[in-house]
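So the structure is just underneath, and the comments pick up after that.
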Amino acid sequence: MSRRIIERRREKVAALRARGIEPYPHGYGVTHRTDALRADFEDLAARESVVRVAGRLVAQRGHGKASFGHIEDGGGRIQVYCREDGLGADAYAFFLDLDLGDFVGLEGVPFVTRTGEMTVRASRIELLAKSVRPIPEKWHGLKDVETRYRQRYADLIANPEVRRVFVARARLVSSLRRFLDARGFIEVETPILQPIYGGAFARPFTTRHEALDTDLYLRISDELYLKRVIVGGFERVYEIGKDFRNEGMDRSHNPEFTQLELYQAYADYGDMMRLFEEMMAEAARELTGGLTVRYAEHELDFSPPWPRLSFTGEISRLAGEDVLDLDAEGCRRAAARLGVETTPGAGAGRILDEIFSEKIQPGLIRPTFVVDHPRELSPLAKVKRGDARLVERFEPVMAGLEVGNAFSEQNDPEEQARQFERQQELRRAGDLEAQVMDRDYIRALEYGMPPTGGLGVGIDRVTMILTDSRTIRDVILFPHLRPEEGLEDPDAEEDEEQSDDEGKGKG
RNA sequence: GCGCCGCUAGCUCAAUUGGCAGAGCAACUGACUCUUAAUCAGUAGGUUGGAGGUUCGAUUCCUCCGCGGCGCACCA
């Protein structure tokens, strides 16, 4: 362990305090972030202006009576130069005594070195926060994936590209908000703790409200509440927030994930497709400057319009027969011919979904809308005009990844109630992901909901695409992991040893 | 959940068929007033993820456990 290093630095903290230097002061008057300093550098250097910069000391190169270092702040890095005859012996010794990882504030005049690097020649140095734990190695960075996820702070310190991903994520979300706000959508918030969950096929997390003596669910989607808001008269609403699904985790699933859901009155799923295309094109433009995005070995072109691909049409083409004419048994035989394993007891729709997911979706690289799903798979969608076997629904797919789900929303309360009842039957038959009857939602629809288009977008997955990330864990700051064991004991031990250790001379 | 792979110093990685556990960076001591992966000389640092077992001897072989990664199954 790093016990010796940490102990030595803790001793430094104590020694500084003994000398009347506070190792954790309350602030520092910064005049320039490093990017601002860099932008203005020539001018500041020419006028020999005194600047004050602050950041983490990330490199230190001593040369006897002169030293270089780099400090890093939110804007990047800047080189600093200290020399004994400029600072005085005490201040220079203080600089040499700093450790990599310390936060420092530094006052001085900008200049350009012989090698052409922008540098601040320090005239005063202050410690702003002592680092007692060694930061990861500067050259190889921090590679161990487990440590990177568990200690994201260390990952962010060591790996600058990680920071870029999360900046991109923030810019994506802000771009989506701007896009929707500009079109008259208003952002609302709906409950995360819900007495009845709904809006998707998934098992929920359960929690408990003690005062009410009742179990609650963490929402699996925002859908049913947002449509209640549409019933209430808001015509364009959206919410960006966390949903929670009690399912397995892999490169495209985290138990909690961020979803954008939006609903627009008087719109249908065709309108939602056009909205989504434009929204993504704008986001791509803002993040990458263009409409093509590099993902793995692919170039994804976001220029609208995207191809529309019929869900059942593609399967029929593959199966060599019209799968809409088949019952569950027929679908099962078709799946078997295609070499797709099916879940025992699954209905026709579910089997078609299994065929699609395995045989077609992985090949959908360029942004594509998969449209018109079987009714059975979509209890909250309206039937397709002209074909009662289908619903008006689409899923945008890119690089083989589903990034959303949308439909012309079911607004007939009787039909919705029938769909819920069918789900109840599936539930009784053992399908844990079947949807739950929500009588209050039916009551809301009974007041009348205008024809409405709805769209859900997986923000994490879109971020993956736009940042060329292979796993969802790379776009979530603190992805879900099993709890770390034995973390607290060693720390307690450490403290204990430190306090009663005087006579033992450990090491 | 099941299968395969991994876990060695603070970080990144080595270690022949089972035979004294090593290097670079970081750390520590010293030299060096424009360096930048600074350089040079030296020093210290390990319960090899944990617990058992086989063996004269285990980082290495076996069993169990923990954590992670990948694949399979379900979803956005």
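In the structure tokens, chains take letters A, B, ... by order of appearance, with residues numbered from 1 within each chain and ligands from 1 in the order shown.
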Per DSSP on the backbone, filter stretch 204-240 of chain A down to the residues in strand (DSSP E) and report them as a PDB file with N, CA, C and O atoms, in the first residue's frame.
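Below is the file states14.pdb, written as the result:
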ATOM      1  N   THR A 206     -37.578  -1.815  -5.971  1.00  0.00           N
ATOM      2  CA  THR A 206     -38.589  -1.514  -4.968  1.00  0.00           C
ATOM      3  C   THR A 206     -37.934  -0.760  -3.824  1.00  0.00           C
ATOM      4  O   THR A 206     -36.796  -1.067  -3.454  1.00  0.00           O
ATOM      5  N   THR A 207     -38.665   0.201  -3.285  1.00  0.00           N
ATOM      6  CA  THR A 207     -38.166   0.861  -2.092  1.00  0.00           C
ATOM      7  C   THR A 207     -39.335   1.092  -1.155  1.00  0.00           C
ATOM      8  O   THR A 207     -40.443   0.642  -1.421  1.00  0.00           O
ATOM      9  N   ARG A 208     -39.102   1.737  -0.066  1.00  0.00           N
ATOM     10  CA  ARG A 208     -40.127   1.790   0.971  1.00  0.00           C
ATOM     11  C   ARG A 208     -40.253   3.184   1.536  1.00  0.00           C
ATOM     12  O   ARG A 208     -39.264   3.838   1.840  1.00  0.00           O
ATOM     13  N   HIS A 209     -41.480   3.634   1.643  1.00  0.00           N
ATOM     14  CA  HIS A 209     -41.746   4.897   2.336  1.00  0.00           C
ATOM     15  C   HIS A 209     -42.242   4.556   3.737  1.00  0.00           C
ATOM     16  O   HIS A 209     -43.332   4.004   3.898  1.00  0.00           O
ATOM     17  N   THR A 214     -45.661   2.111   3.062  1.00  0.00           N
ATOM     18  CA  THR A 214     -46.026   1.557   1.767  1.00  0.00           C
ATOM     19  C   THR A 214     -44.794   1.334   0.887  1.00  0.00           C
ATOM     20  O   THR A 214     -43.790   2.030   1.028  1.00  0.00           O
ATOM     21  N   ASP A 215     -44.890   0.343   0.040  1.00  0.00           N
ATOM     22  CA  ASP A 215     -43.819   0.090  -0.925  1.00  0.00           C
ATOM     23  C   ASP A 215     -43.972   1.021  -2.112  1.00  0.00           C
ATOM     24  O   ASP A 215     -45.084   1.328  -2.533  1.00  0.00           O
ATOM     25  N   LEU A 216     -42.851   1.456  -2.638  1.00  0.00           N
ATOM     26  CA  LEU A 216     -42.859   2.287  -3.841  1.00  0.00           C
ATOM     27  C   LEU A 216     -41.877   1.685  -4.831  1.00  0.00           C
ATOM     28  O   LEU A 216     -40.992   0.930  -4.465  1.00  0.00           O
ATOM     29  N   TYR A 217     -42.050   2.080  -6.091  1.00  0.00           N
ATOM     30  CA  TYR A 217     -41.149   1.624  -7.134  1.00  0.00           C
ATOM     31  C   TYR A 217     -40.349   2.803  -7.669  1.00  0.00           C
ATOM     32  O   TYR A 217     -40.867   3.919  -7.753  1.00  0.00           O
ATOM     33  N   LEU A 218     -39.104   2.547  -8.024  1.00  0.00           N
ATOM     34  CA  LEU A 218     -38.349   3.548  -8.781  1.00  0.00           C
ATOM     35  C   LEU A 218     -38.808   3.442 -10.229  1.00  0.00           C
ATOM     36  O   LEU A 218     -38.903   2.341 -10.772  1.00  0.00           O
ATOM     37  N   ARG A 236     -46.665  20.516 -25.318  1.00  0.00           N
ATOM     38  CA  ARG A 236     -45.319  20.011 -25.637  1.00  0.00           C
ATOM     39  C   ARG A 236     -44.523  19.951 -24.339  1.00  0.00           C
ATOM     40  O   ARG A 236     -44.197  21.001 -23.774  1.00  0.00           O
ATOM     41  N   VAL A 237     -44.217  18.761 -23.889  1.00  0.00           N
ATOM     42  CA  VAL A 237     -43.464  18.625 -22.641  1.00  0.00           C
ATOM     43  C   VAL A 237     -42.313  17.654 -22.835  1.00  0.00           C
ATOM     44  O   VAL A 237     -42.336  16.786 -23.714  1.00  0.00           O
ATOM     45  N   TYR A 238     -41.292  17.842 -22.020  1.00  0.00           N
ATOM     46  CA  TYR A 238     -40.226  16.845 -21.997  1.00  0.00           C
ATOM     47  C   TYR A 238     -39.640  16.769 -20.605  1.00  0.00           C
ATOM     48  O   TYR A 238     -39.820  17.673 -19.780  1.00  0.00           O
ATOM     49  N   GLU A 239     -38.961  15.655 -20.382  1.00  0.00           N
ATOM     50  CA  GLU A 239     -38.270  15.451 -19.117  1.00  0.00           C
ATOM     51  C   GLU A 239     -36.975  14.730 -19.435  1.00  0.00           C
ATOM     52  O   GLU A 239     -36.937  13.823 -20.267  1.00  0.00           O
ATOM     53  N   ILE A 240     -35.905  15.153 -18.775  1.00  0.00           N
ATOM     54  CA  ILE A 240     -34.630  14.438 -18.881  1.00  0.00           C
ATOM     55  C   ILE A 240     -34.304  13.947 -17.488  1.00  0.00           C
ATOM     56  O   ILE A 240     -34.170  14.748 -16.563  1.00  0.00           O
TER      57      ILE A 240
END
Tell me, as a ChimeraX atom specification, which residues lie within 8 Å of B:G68, counting only C-alpha atoms (C1' of nucleotides); anything in the same chain fewer than 5 positions away does not count. /A:145-146 /B:6
- Task: Compute the chain B side of the contact with chain A at 12 Å, counting only C-alpha atoms (C1' of nucleotides), and hand it back as a PyMOL selection string.
- Result: chain B and resi 1+6-7+9-13+24-28+30-40+44-47+49-50+66-76
Counting only C-alpha atoms, closest pick from A:Gly339, A:Pro191, A:Pro396, A:Gly430 relative to A:Lys242 is A:Pro191
Quiz prompt | Distance query stretch 15-28 of chain A at most 10 Å, only C-alpha atoms (C1' of nucleotides), self and fewer than 3 positions along chain excluded, as JSON, numbers by chain | solution = {"A": [9, 10, 11, 12, 31, 52, 53, 54, 94, 102, 103, 104, 105, 106, 126, 127, 128, 129, 130, 131]}
With C-alpha atoms retained, export the selected residues as a PDB file, in the first residue's frame.
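The new file selection25.pdb reads:
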ATOM      1  CA  ARG A   9       2.564  13.590   3.489  1.00  0.00           C
ATOM      2  CA  ARG A  10       0.333  13.650   6.533  1.00  0.00           C
ATOM      3  CA  GLU A  11       3.421  14.515   8.494  1.00  0.00           C
ATOM      4  CA  LYS A  12       4.041  17.326   6.048  1.00  0.00           C
ATOM      5  CA  THR A  31      -7.098  36.262 -12.286  1.00  0.00           C
ATOM      6  CA  ARG A  52      -2.619  34.662 -10.485  1.00  0.00           C
ATOM      7  CA  VAL A  53      -3.321  31.108 -11.577  1.00  0.00           C
ATOM      8  CA  ALA A  54      -4.369  28.088  -9.553  1.00  0.00           C
ATOM      9  CA  PHE A  94       8.551  25.635  -0.190  1.00  0.00           C
ATOM     10  CA  ASP A 102      -1.084  19.474  -4.524  1.00  0.00           C
ATOM     11  CA  PHE A 103      -3.317  22.366  -5.430  1.00  0.00           C
ATOM     12  CA  VAL A 104      -1.320  25.561  -5.592  1.00  0.00           C
ATOM     13  CA  GLY A 105      -1.932  29.201  -6.288  1.00  0.00           C
ATOM     14  CA  LEU A 106       0.780  30.999  -8.082  1.00  0.00           C
ATOM     15  CA  GLU A 126       0.656  29.367  -1.965  1.00  0.00           C
ATOM     16  CA  LEU A 127      -0.511  25.900  -1.115  1.00  0.00           C
ATOM     17  CA  LEU A 128      -4.268  25.715  -1.682  1.00  0.00           C
ATOM     18  CA  ALA A 129      -4.895  22.090  -0.780  1.00  0.00           C
ATOM     19  CA  LYS A 130      -2.437  19.390   0.173  1.00  0.00           C
ATOM     20  CA  SER A 131      -2.687  16.058  -1.641  1.00  0.00           C
TER      21      SER A 131
END
- Task: Pick out each residue of stretch 111-179 of chain A that DSSP on the backbone tags as alpha helix (DSSP H); I need them as JSON, numbers by chain.
- Result: {"A": [145, 146, 147, 148, 149, 150, 152, 153, 154, 155, 156, 157, 158, 160, 161, 162, 163, 164, 165, 166, 167, 168, 169, 170, 171, 172, 173, 174, 175, 176, 177, 178, 179]}
Just want the 7 Å neighbourhood of stretch 418-422 of chain A, counted on only C-alpha atoms (C1' of nucleotides), with same-chain residues fewer than 4 positions away dropped. Output as an MDAnalysis selection string. chainID A and resid 379 414 426 435:437
Report as a ChimeraX atom specification all protein, DNA and RNA residues lying within 10 Å of A:Asp73, evaluated on only C-alpha atoms (C1' of nucleotides), omitting residues in the same chain fewer than 4 positions from it. /A:33-35,53-57,77-78,103
